[in-house]
>>> print(open('input_28.txt').read())   # compact mmCIF, C-alpha atoms
# COMPACT_ATOMS: atom_id res chain seq x y z
CA MET A 1 173.54 107.08 141.12
CA GLU A 2 173.84 103.57 142.46
CA ARG A 3 175.75 104.93 145.45
CA GLU A 4 172.91 107.36 146.26
CA ARG A 5 170.33 104.55 146.08
CA ALA A 6 172.48 102.43 148.41
CA ALA A 7 172.76 105.33 150.86
CA ARG A 8 168.98 105.80 150.79
CA ARG A 9 168.46 102.07 151.42
CA ALA A 10 170.90 102.24 154.31
CA ASP A 11 169.02 105.21 155.77
CA VAL A 12 165.77 103.29 155.48
CA ASP A 13 167.35 100.30 157.21
CA VAL A 14 168.67 102.51 160.03
CA ASP A 15 165.29 104.21 160.43
CA ALA A 16 163.62 100.80 160.60
CA PHE A 17 166.09 99.67 163.23
CA LEU A 18 165.51 102.79 165.30
CA ALA A 19 161.77 102.31 164.99
CA SER A 20 162.18 98.73 166.25
CA LEU A 21 163.74 100.21 169.40
CA GLY A 22 160.85 102.60 169.83
CA VAL A 23 163.05 105.54 168.83
CA ASP A 24 161.73 108.22 166.48
CA PRO A 25 164.42 108.68 163.77
CA GLY A 26 163.49 112.35 163.64
CA GLU A 27 164.92 112.74 167.16
CA LEU A 28 168.36 112.08 165.69
CA ALA A 29 168.07 114.46 162.76
CA GLY A 30 171.17 116.59 162.30
CA LEU A 31 173.53 114.14 163.99
CA GLU A 32 176.25 112.36 162.14
CA LEU A 33 174.80 108.87 162.36
CA PRO A 34 176.43 105.68 161.10
CA VAL A 35 175.19 104.59 157.71
CA THR A 36 175.03 100.93 158.67
CA VAL A 37 172.63 99.11 160.86
CA GLU A 38 175.56 97.11 162.25
CA VAL A 39 177.17 100.15 163.84
CA MET A 40 173.85 101.34 165.24
CA ARG A 41 173.15 97.87 166.60
CA GLU A 42 176.57 97.87 168.25
CA ARG A 43 175.71 101.07 170.09
CA ALA A 44 172.29 99.82 171.15
CA GLU A 45 173.71 96.51 172.38
CA PHE A 46 176.51 98.24 174.26
CA LEU A 47 174.04 100.52 176.03
CA ALA A 48 171.84 97.52 176.80
CA SER A 49 174.88 95.78 178.34
CA LEU A 50 175.11 98.70 180.77
CA GLY A 51 171.56 98.07 181.93
CA LEU A 52 169.66 100.57 179.79
CA THR A 53 166.32 99.46 178.34
CA ARG A 54 164.46 100.31 175.16
CA GLU A 55 162.41 102.75 177.20
CA ASP A 56 165.60 104.47 178.31
CA LEU A 57 166.79 104.81 174.71
CA ALA A 58 163.42 106.13 173.64
CA ALA A 59 163.58 108.70 176.45
CA TYR A 60 167.05 109.86 175.35
CA PRO A 61 167.67 108.69 171.77
CA LEU A 62 170.70 111.01 171.45
CA ALA A 63 172.66 108.34 173.32
CA LEU A 64 172.64 106.41 170.06
CA GLY A 65 174.55 109.26 168.48
CA CYS A 66 177.58 108.49 170.65
CA SER A 67 180.43 106.39 169.34
CA VAL A 68 181.17 103.39 171.53
CA ARG A 69 184.93 103.76 171.21
CA LYS A 70 185.28 107.52 170.97
CA ASN A 71 182.61 108.58 173.48
CA MET A 72 181.17 105.87 175.68
CA VAL A 73 184.22 103.77 176.56
CA PRO A 74 186.47 106.71 177.62
CA VAL A 75 183.71 108.18 179.82
CA LEU A 76 182.82 104.86 181.42
CA ASP A 77 186.47 103.95 181.96
CA TYR A 78 187.02 107.26 183.72
CA LEU A 79 183.97 106.80 185.96
CA GLY A 80 185.06 103.26 186.74
CA LYS A 81 188.55 104.38 187.73
CA LEU A 82 187.00 106.95 190.07
CA GLY A 83 185.11 104.13 191.78
CA VAL A 84 181.61 104.48 190.37
CA ARG A 85 180.00 101.06 190.80
CA ARG A 86 178.92 99.06 187.77
CA ASP A 87 175.47 98.44 189.24
CA ALA A 88 175.02 102.20 189.74
CA LEU A 89 175.62 103.01 186.07
CA PRO A 90 172.07 102.40 184.78
CA ASP A 91 170.54 104.91 187.20
CA LEU A 92 173.39 107.37 186.63
CA LEU A 93 172.91 107.20 182.86
CA ARG A 94 169.14 107.48 183.10
CA ARG A 95 169.43 110.60 185.21
CA TYR A 96 172.22 112.22 183.23
CA PRO A 97 172.66 110.49 179.85
CA GLN A 98 174.40 113.61 178.52
CA VAL A 99 177.53 112.34 180.28
CA LEU A 100 178.04 110.01 177.29
CA HIS A 101 178.74 113.07 175.12
CA ALA A 102 181.17 114.58 177.63
CA SER A 103 184.88 115.05 177.28
CA VAL A 104 186.80 113.51 180.15
CA VAL A 105 189.47 116.22 180.09
CA VAL A 106 187.26 119.25 179.42
CA ASP A 107 184.04 118.36 181.26
CA LEU A 108 184.45 115.60 183.82
CA ALA A 109 187.94 115.92 185.30
CA PRO A 110 187.48 119.60 186.31
CA VAL A 111 184.30 118.73 188.26
CA VAL A 112 186.08 115.92 190.10
CA LYS A 113 189.01 118.22 190.85
CA TYR A 114 186.57 120.82 192.18
CA LEU A 115 184.97 118.28 194.52
CA GLN A 116 188.35 117.23 195.84
CA GLY A 117 189.27 120.88 196.30
CA MET A 118 186.15 121.22 198.46
CA ASP A 119 187.55 118.47 200.73
CA VAL A 120 185.33 115.71 199.39
CA ARG A 121 187.44 112.62 200.00
CA SER A 122 188.51 110.66 196.95
CA ILE A 123 186.67 107.58 198.22
CA ASP A 124 183.49 109.64 198.51
CA VAL A 125 183.64 111.23 195.05
CA PRO A 126 182.07 108.23 193.26
CA ARG A 127 179.23 108.11 195.79
CA VAL A 128 178.58 111.82 195.20
CA LEU A 129 178.46 111.26 191.44
CA GLU A 130 176.16 108.25 191.83
CA ARG A 131 173.76 110.22 193.99
CA TYR A 132 173.77 113.40 191.91
CA PRO A 133 175.21 112.73 188.44
CA GLU A 134 173.74 115.95 187.09
CA LEU A 135 176.61 117.88 188.64
CA LEU A 136 178.89 116.43 185.95
CA GLY A 137 177.31 118.95 183.60
CA PHE A 138 177.76 121.98 185.88
CA LYS A 139 180.15 124.81 185.14
CA LEU A 140 182.61 125.53 187.92
CA GLU A 141 181.96 129.26 187.90
CA GLY A 142 178.18 128.82 188.08
CA THR A 143 175.74 127.58 190.72
CA MET A 144 178.25 125.29 192.43
CA SER A 145 180.57 128.10 193.43
CA THR A 146 177.86 130.56 194.46
CA SER A 147 175.97 128.08 196.64
CA ILE A 148 179.12 127.09 198.53
CA ALA A 149 180.21 130.72 198.92
CA TYR A 150 176.81 131.58 200.41
CA LEU A 151 176.93 128.70 202.90
CA VAL A 152 180.38 129.73 204.07
CA GLY A 153 179.12 133.29 204.31
CA ILE A 154 176.35 132.39 206.77
CA GLY A 155 178.75 130.47 208.99
CA VAL A 156 179.04 126.92 207.67
CA GLY A 157 182.57 125.88 208.55
CA ARG A 158 184.94 125.74 205.60
CA ARG A 159 186.19 122.39 206.86
CA GLN A 160 182.60 121.10 206.93
CA ILE A 161 181.88 121.84 203.28
CA GLY A 162 183.26 118.51 202.07
CA SER A 163 180.99 116.64 204.47
CA VAL A 164 177.98 118.75 203.45
CA ILE A 165 178.58 118.01 199.75
CA THR A 166 179.19 114.31 200.40
CA ARG A 167 175.92 113.87 202.28
CA PHE A 168 173.82 116.20 200.14
CA PRO A 169 175.48 116.91 196.78
CA GLU A 170 172.21 118.38 195.51
CA VAL A 171 173.23 121.59 197.28
CA LEU A 172 175.63 122.24 194.40
CA GLY A 173 172.67 122.63 192.05
CA MET A 174 170.61 124.90 194.29
CA ARG A 175 170.34 128.54 193.34
CA VAL A 176 171.11 130.85 196.21
CA GLY A 177 168.47 133.45 195.42
CA LYS A 178 165.64 131.03 194.72
CA ILE A 179 166.24 128.24 197.25
CA ILE A 180 169.00 128.56 199.82
CA LYS A 181 168.70 132.20 200.87
CA PRO A 182 164.87 132.16 201.22
CA PHE A 183 165.17 129.00 203.35
CA VAL A 184 167.76 130.58 205.64
CA GLU A 185 165.83 133.84 205.93
CA TYR A 186 162.60 132.05 206.79
CA LEU A 187 164.28 130.18 209.64
CA GLU A 188 165.73 133.47 210.85
CA GLY A 189 162.18 134.82 210.78
CA ILE A 190 160.94 132.19 213.24
CA GLY A 191 163.73 132.99 215.67
CA LEU A 192 166.88 131.08 214.69
CA GLN A 193 170.17 132.88 214.51
CA LYS A 194 171.98 132.64 211.17
CA LEU A 195 174.82 130.74 212.83
CA SER A 196 172.32 128.26 214.26
CA VAL A 197 170.99 127.63 210.76
CA ALA A 198 174.57 127.03 209.65
CA ARG A 199 175.03 124.43 212.40
CA ILE A 200 171.87 122.64 211.25
CA ILE A 201 173.11 122.58 207.67
CA GLU A 202 176.46 121.19 208.79
CA LYS A 203 174.79 118.31 210.61
CA LYS A 204 171.76 117.71 208.36
CA PRO A 205 172.40 119.35 204.97
CA TYR A 206 169.45 117.55 203.42
CA VAL A 207 167.08 119.98 205.16
CA LEU A 208 167.88 122.35 202.29
CA GLY A 209 165.94 119.96 200.09
CA PHE A 210 162.72 120.40 202.04
CA GLY A 211 160.42 122.56 199.94
CA LEU A 212 160.01 125.94 201.62
CA GLU A 213 156.55 126.76 200.32
CA ASP A 214 154.94 123.33 200.20
CA LYS A 215 156.56 121.73 203.24
CA VAL A 216 158.53 123.93 205.66
CA LYS A 217 156.05 126.77 206.00
CA SER A 218 153.05 124.46 206.27
CA ASN A 219 154.79 122.40 208.97
CA ILE A 220 155.59 125.48 211.03
CA GLU A 221 151.95 126.56 210.71
CA ALA A 222 150.83 123.08 211.79
CA LEU A 223 153.00 123.19 214.91
CA MET A 224 151.40 126.45 215.96
CA GLU A 225 147.92 125.11 215.25
CA PHE A 226 148.63 122.27 217.67
CA GLY A 227 149.59 124.46 220.58
CA VAL A 228 153.29 125.19 220.03
CA ARG A 229 154.12 128.75 220.96
CA LYS A 230 155.85 130.98 218.42
CA GLU A 231 158.75 131.64 220.77
CA SER A 232 159.43 127.88 220.97
CA LEU A 233 159.66 127.25 217.22
CA ALA A 234 163.38 127.95 216.99
CA SER A 235 164.11 125.53 219.83
CA ILE A 236 162.06 122.79 218.16
CA VAL A 237 163.85 123.19 214.84
CA MET A 238 167.25 123.17 216.54
CA GLN A 239 166.39 120.00 218.47
CA TYR A 240 164.77 118.20 215.55
CA PRO A 241 165.44 119.78 212.12
CA ASP A 242 163.73 116.86 210.37
CA VAL A 243 160.40 118.22 211.61
CA LEU A 244 160.59 120.68 208.71
CA GLY A 245 160.25 117.88 206.15
CA LEU A 246 157.78 115.45 207.73
CA GLU A 247 154.22 114.83 206.63
CA LEU A 248 153.50 116.63 209.84
CA ARG A 249 149.84 117.58 210.04
CA ASP A 250 148.56 113.99 209.92
CA LYS A 251 151.18 112.94 212.46
CA LEU A 252 150.11 115.69 214.85
CA VAL A 253 146.44 114.79 214.53
CA ALA A 254 147.16 111.14 215.33
CA GLN A 255 149.62 111.93 218.11
CA GLN A 256 147.40 114.44 219.84
CA SER A 257 144.59 111.89 219.87
CA LEU A 258 146.97 109.28 221.29
CA PHE A 259 148.21 111.53 224.09
CA GLU A 260 144.71 112.68 224.94
CA SER A 261 143.22 109.19 225.07
CA ILE A 262 146.05 107.40 226.88
CA ILE A 263 147.65 110.08 229.07
CA LEU A 264 144.87 112.67 229.36
CA VAL A 265 147.10 115.39 227.90
CA SER A 266 145.12 118.48 226.90
CA ARG A 267 145.55 120.34 223.62
CA ASP A 268 147.59 123.13 225.23
CA ASP A 269 149.71 120.65 227.16
CA PHE A 270 150.30 118.68 223.96
CA GLY A 271 152.00 121.80 222.62
CA ARG A 272 154.25 121.87 225.68
CA VAL A 273 155.15 118.21 225.12
CA ILE A 274 156.24 118.92 221.54
CA GLU A 275 158.21 121.97 222.65
CA ARG A 276 160.17 119.95 225.19
CA MET A 277 160.63 116.84 223.06
CA PRO A 278 159.86 117.33 219.36
CA ARG A 279 160.53 113.68 218.61
CA ALA A 280 157.45 112.82 220.63
CA ILE A 281 155.74 113.32 217.27
CA ASN A 282 157.15 109.94 216.23
CA LEU A 283 156.41 107.89 219.36
CA GLY A 284 154.32 104.82 218.59
CA ARG A 285 151.27 103.71 220.54
CA THR A 286 153.04 100.60 221.83
CA ALA A 287 155.96 102.59 223.25
CA VAL A 288 153.66 105.10 224.91
CA LEU A 289 151.49 102.40 226.48
CA LYS A 290 154.53 100.51 227.73
CA HIS A 291 155.90 103.51 229.59
CA VAL A 292 152.54 104.66 230.91
CA ASN A 293 151.77 101.15 232.19
CA PHE A 294 155.13 101.05 233.94
CA LEU A 295 154.47 104.34 235.70
CA THR A 296 150.97 103.38 236.80
CA ALA A 297 152.34 100.04 238.05
CA CYS A 298 154.78 102.06 240.18
CA GLY A 299 151.78 103.56 241.96
CA PHE A 300 151.21 106.82 240.08
CA MET A 301 147.68 107.85 239.22
CA LEU A 302 146.99 108.59 235.56
CA SER A 303 146.56 112.29 236.36
CA GLN A 304 150.03 112.25 237.91
CA VAL A 305 151.49 110.46 234.91
CA SER A 306 149.96 113.15 232.68
CA LYS A 307 151.63 115.89 234.72
CA MET A 308 154.96 114.06 234.64
CA VAL A 309 154.87 113.52 230.87
CA VAL A 310 154.04 117.15 230.17
CA ALA A 311 156.95 118.25 232.37
CA CYS A 312 159.36 115.62 231.01
CA PRO A 313 158.15 113.92 227.81
CA GLN A 314 161.47 112.05 227.63
CA LEU A 315 159.86 109.61 230.09
CA LEU A 316 158.08 108.04 227.12
CA ALA A 317 161.34 107.25 225.31
CA LEU A 318 163.66 106.16 228.12
CA ASN A 319 165.11 102.68 228.38
CA MET A 320 162.73 100.68 230.53
CA ASP A 321 165.50 98.84 232.40
CA ILE A 322 167.08 102.16 233.38
CA MET A 323 163.74 103.49 234.58
CA ARG A 324 163.10 100.33 236.57
CA MET A 325 166.50 100.42 238.31
CA ASN A 326 166.11 104.10 239.16
CA PHE A 327 162.67 103.56 240.60
CA GLU A 328 163.76 100.56 242.70
CA TYR A 329 166.60 102.61 244.14
CA PHE A 330 164.26 105.55 244.79
CA LYS A 331 161.76 103.33 246.60
CA ASN A 332 164.11 101.07 248.56
CA GLU A 333 167.14 103.25 249.27
CA MET A 334 166.04 106.87 249.08
CA GLU A 335 162.68 106.19 250.76
CA ARG A 336 161.03 109.33 249.41
CA ASP A 337 157.41 110.05 248.63
CA LEU A 338 156.11 109.39 245.10
CA GLU A 339 154.96 112.98 244.89
CA GLU A 340 158.59 114.04 244.63
CA LEU A 341 158.84 112.15 241.33
CA VAL A 342 155.67 113.85 240.14
CA GLU A 343 157.34 117.19 240.85
CA PHE A 344 160.69 116.16 239.34
CA PRO A 345 160.10 113.39 236.76
CA ALA A 346 163.49 114.12 235.20
CA PHE A 347 164.85 111.91 238.01
CA PHE A 348 164.41 108.94 235.65
CA THR A 349 166.75 110.48 233.08
CA TYR A 350 169.82 110.48 235.35
CA GLY A 351 172.27 107.58 235.46
CA LEU A 352 171.90 105.58 238.66
CA GLU A 353 175.53 104.64 239.19
CA SER A 354 177.08 107.78 237.74
CA THR A 355 174.84 110.38 239.36
CA VAL A 356 171.89 109.33 241.54
CA ARG A 357 173.53 106.86 243.92
CA PRO A 358 176.79 108.76 244.61
CA ARG A 359 175.00 112.06 245.15
CA HIS A 360 172.34 110.53 247.41
CA GLU A 361 175.00 108.84 249.53
CA MET A 362 177.00 112.07 249.88
CA VAL A 363 173.91 114.04 250.91
CA SER A 364 172.94 111.33 253.38
CA ARG A 365 176.38 111.43 254.97
CA LYS A 366 176.08 115.20 255.31
CA GLY A 367 172.67 114.77 256.92
CA PHE A 368 171.00 117.09 254.42
CA THR A 369 167.33 116.96 253.54
CA CYS A 370 166.84 118.27 250.02
CA SER A 371 164.57 118.07 247.00
CA LEU A 372 165.34 115.86 244.03
CA ALA A 373 165.85 118.96 241.92
CA TRP A 374 168.47 120.32 244.33
CA LEU A 375 170.17 116.93 244.39
CA LEU A 376 170.31 116.27 240.67
CA ASN A 377 169.65 119.34 238.58
CA CYS A 378 173.16 120.77 238.59
CA SER A 379 176.60 120.03 237.21
CA ASP A 380 179.10 117.88 239.08
CA ALA A 381 181.15 120.97 239.84
CA ARG A 382 178.12 122.76 241.28
CA PHE A 383 177.19 119.72 243.35
CA ASP A 384 180.71 119.42 244.76
CA GLU A 385 180.49 123.06 245.77
CA ARG A 386 177.20 122.39 247.55
CA MET A 387 178.76 119.57 249.49
CA LYS A 388 181.02 122.16 251.14
CA TYR A 389 177.95 123.73 252.78
CA ASP A 390 177.15 123.11 256.42
CA THR A 391 173.46 123.69 255.76
CA ILE A 392 171.17 124.21 252.79
CA GLY A 393 169.75 127.70 252.44
CA VAL A 394 165.95 127.81 252.13
CA GLU A 395 166.18 130.51 249.48
CA GLU A 396 168.51 128.39 247.33
CA MET A 397 166.25 125.36 247.64
CA GLU A 398 163.18 127.34 246.60
CA ALA A 399 165.00 128.94 243.69
CA GLU A 400 166.19 125.55 242.50
CA GLU A 401 162.72 124.02 242.70
CA SER A 402 161.15 126.90 240.81
CA SER A 403 163.51 126.53 237.86
CA ASP A 404 164.23 122.81 237.80
CA MET A 405 162.28 121.71 234.71
CA ASN A 406 163.15 124.83 232.76
CA ALA A 407 166.81 124.10 233.31
CA PHE A 408 166.29 120.49 232.31
CA SER A 409 164.61 121.55 229.07
CA GLU A 410 167.50 123.89 228.28
CA GLU A 411 169.95 121.07 228.95
CA VAL A 412 168.09 118.84 226.53
CA GLU A 413 168.10 121.53 223.84
CA SER A 414 171.80 122.24 224.14
CA GLU A 415 173.13 118.70 224.64
CA GLU A 416 170.70 116.35 223.00
CA GLU A 417 169.89 117.60 219.54
CA GLU A 418 169.69 114.05 218.19
CA TYR A 419 167.93 112.36 221.13
CA SER A 420 170.70 109.82 221.33
CA ASP A 421 172.29 108.70 224.59
CA TYR A 422 172.49 111.90 226.60
CA ASP A 423 176.18 111.24 227.16
CA ASP A 424 176.71 114.45 229.10
CA SER A 425 173.79 114.04 231.46
CA ASP A 426 173.70 110.25 231.82
CA ASP A 427 170.32 109.96 230.16
CA GLU A 428 169.68 106.80 228.17
CA PHE A 429 167.08 106.64 225.41
CA VAL A 430 165.59 103.81 223.43
CA GLN A 431 166.82 103.92 219.83
>>> encode(input="input_28.txt", output="structure tokens")
Amino acid sequence: MERERAARRADVDVDAFLASLGVDPGELAGLELPVTVEVMRERAEFLASLGLTREDLAAYPLALGCSVRKNMVPVLDYLGKLGVRRDALPDLLRRYPQVLHASVVVDLAPVVKYLQGMDVRSIDVPRVLERYPELLGFKLEGTMSTSIAYLVGIGVGRRQIGSVITRFPEVLGMRVGKIIKPFVEYLEGIGLQKLSVARIIEKKPYVLGFGLEDKVKSNIEALMEFGVRKESLASIVMQYPDVLGLELRDKLVAQQSLFESIILVSRDDFGRVIERMPRAINLGRTAVLKHVNFLTACGFMLSQVSKMVVACPQLLALNMDIMRMNFEYFKNEMERDLEELVEFPAFFTYGLESTVRPRHEMVSRKGFTCSLAWLLNCSDARFDERMKYDTIGVEEMEAEESSDMNAFSEEVESEEEEYSDYDDSDDEFVQ
């Protein structure tokens, strides 16, 4: 009898202690709890030493049902040996506190082995777990396996899977039928090939996390509302996949106003600008003004600047020193009319020493008179072939001039998906 009364007093003491933590004792009903406040206090203090607060314990009181020595220490030791950082533990435990109940051998080690089998490097495994600790509760034969199998099936390289998981481990928790497949099929519907979607996922796997209904579809609709043609949507997404996840409509409103007020770009022409350089959406007012002021200082009228920007929006993102050197060479050495730059503004995107100067000097030695497009808008191999000519055919010159900016746009799409340094075409952009 006395033993029963002591047990009841102990239960009352434990309940009072839990209440002092903000934990409802009823949340722990059915668990084998310690009968002493001392053991419960030990657990609470140990969890607090990891960085968890009273609010965290109240949100997941079942953590107090874990033995420090039998549950918590083995799990935390294992995570520490993997390389999970001590300062990352509080967030990891808040997001997936169930890990404290896990068996290292049965639950955790198989997940880690799976990640390594997917070519996630051992040094990257802890970062993956820190970013997406929920995957420690996944079953190997479930969503993880099916999502990876689907990605490989659409063309994501098997050797790229480790990189995809490392940069966006959330993909392992995405259901194929509800998230991944509808996303891929929608992009196919706007003109991308399945293999192109796979290339995007390889390079920027986080695009899979953009909500299809509330973000991706509305952004595609916004692009079309602002003058982008349906047949150009695929090219835009390939050049700048992040456009699918931006707060786009407000950006487009502000950017269209900026282009119209500063460069006199019409609504329809604004659509052409975005088609040719999707990252123009992110250009700031200061950058735009700086480049426009440079061009007008060179002697171009604002109407000419507008025409040049629509044909080659990259002008607004080029390194100013590069532009200045190219223009000085054009004016002092090439001695051509400004109107030629209006017709072929892509001149500014070519490297002076690697392309413009050597080609100009070769043409001058040959005594040729040619357009800027004929001079620059071709590969080195094609230019060398032209230098074997005795004369320039009128038909070839006209054909080159009629297709110059289209070819330049295609070159940008195929070689400059990230708007970095245009390594292959000597273009240099401000980062």
>>> closest_residue(input="input_28.txt", among="A:Leu318, A:Cys298, A:Phe226, A:Ile154", to="Asp269 in chain A", atoms="all atoms listed in the file")
A:Phe226
>>> closest_residue(input="input_28.txt", among="A:Leu223, A:Leu92, A:Ile148, A:Met325", to="Val237 in chain A", atoms="all atoms listed in the file")
A:Leu223
>>> atom_distance(input="input_28.txt", atom1="CA of Gln239 in chain A", atom2="CA of Arg324 in chain A")
26.9 Å
>>> residues_around(input="input_28.txt", residues="Ala48 in chain A", least_positions_apart="4", cutoff="12 Å", atoms="all atoms listed in the file", output="PDB file with C-alpha atoms, in the frame of the given file")
ATOM      1  CA  LEU A  21     163.740 100.210 169.400  1.00  0.00           C
ATOM      2  CA  ARG A  41     173.150  97.870 166.600  1.00  0.00           C
ATOM      3  CA  GLU A  42     176.570  97.870 168.250  1.00  0.00           C
ATOM      4  CA  ARG A  43     175.710 101.070 170.090  1.00  0.00           C
ATOM      5  CA  ALA A  44     172.290  99.820 171.150  1.00  0.00           C
ATOM      6  CA  LEU A  52     169.660 100.570 179.790  1.00  0.00           C
ATOM      7  CA  THR A  53     166.320  99.460 178.340  1.00  0.00           C
ATOM      8  CA  ARG A  54     164.460 100.310 175.160  1.00  0.00           C
ATOM      9  CA  GLU A  55     162.410 102.750 177.200  1.00  0.00           C
ATOM     10  CA  ASP A  56     165.600 104.470 178.310  1.00  0.00           C
ATOM     11  CA  LEU A  57     166.790 104.810 174.710  1.00  0.00           C
ATOM     12  CA  ALA A  63     172.660 108.340 173.320  1.00  0.00           C
ATOM     13  CA  LEU A  64     172.640 106.410 170.060  1.00  0.00           C
ATOM     14  CA  LEU A  89     175.620 103.010 186.070  1.00  0.00           C
ATOM     15  CA  PRO A  90     172.070 102.400 184.780  1.00  0.00           C
ATOM     16  CA  LEU A  93     172.910 107.200 182.860  1.00  0.00           C
TER      17      LEU A  93
END
>>> atom_distance(input="input_28.txt", atom1="CA of Pro182 in chain A", atom2="CA of Tyr206 in chain A")
15.5 Å
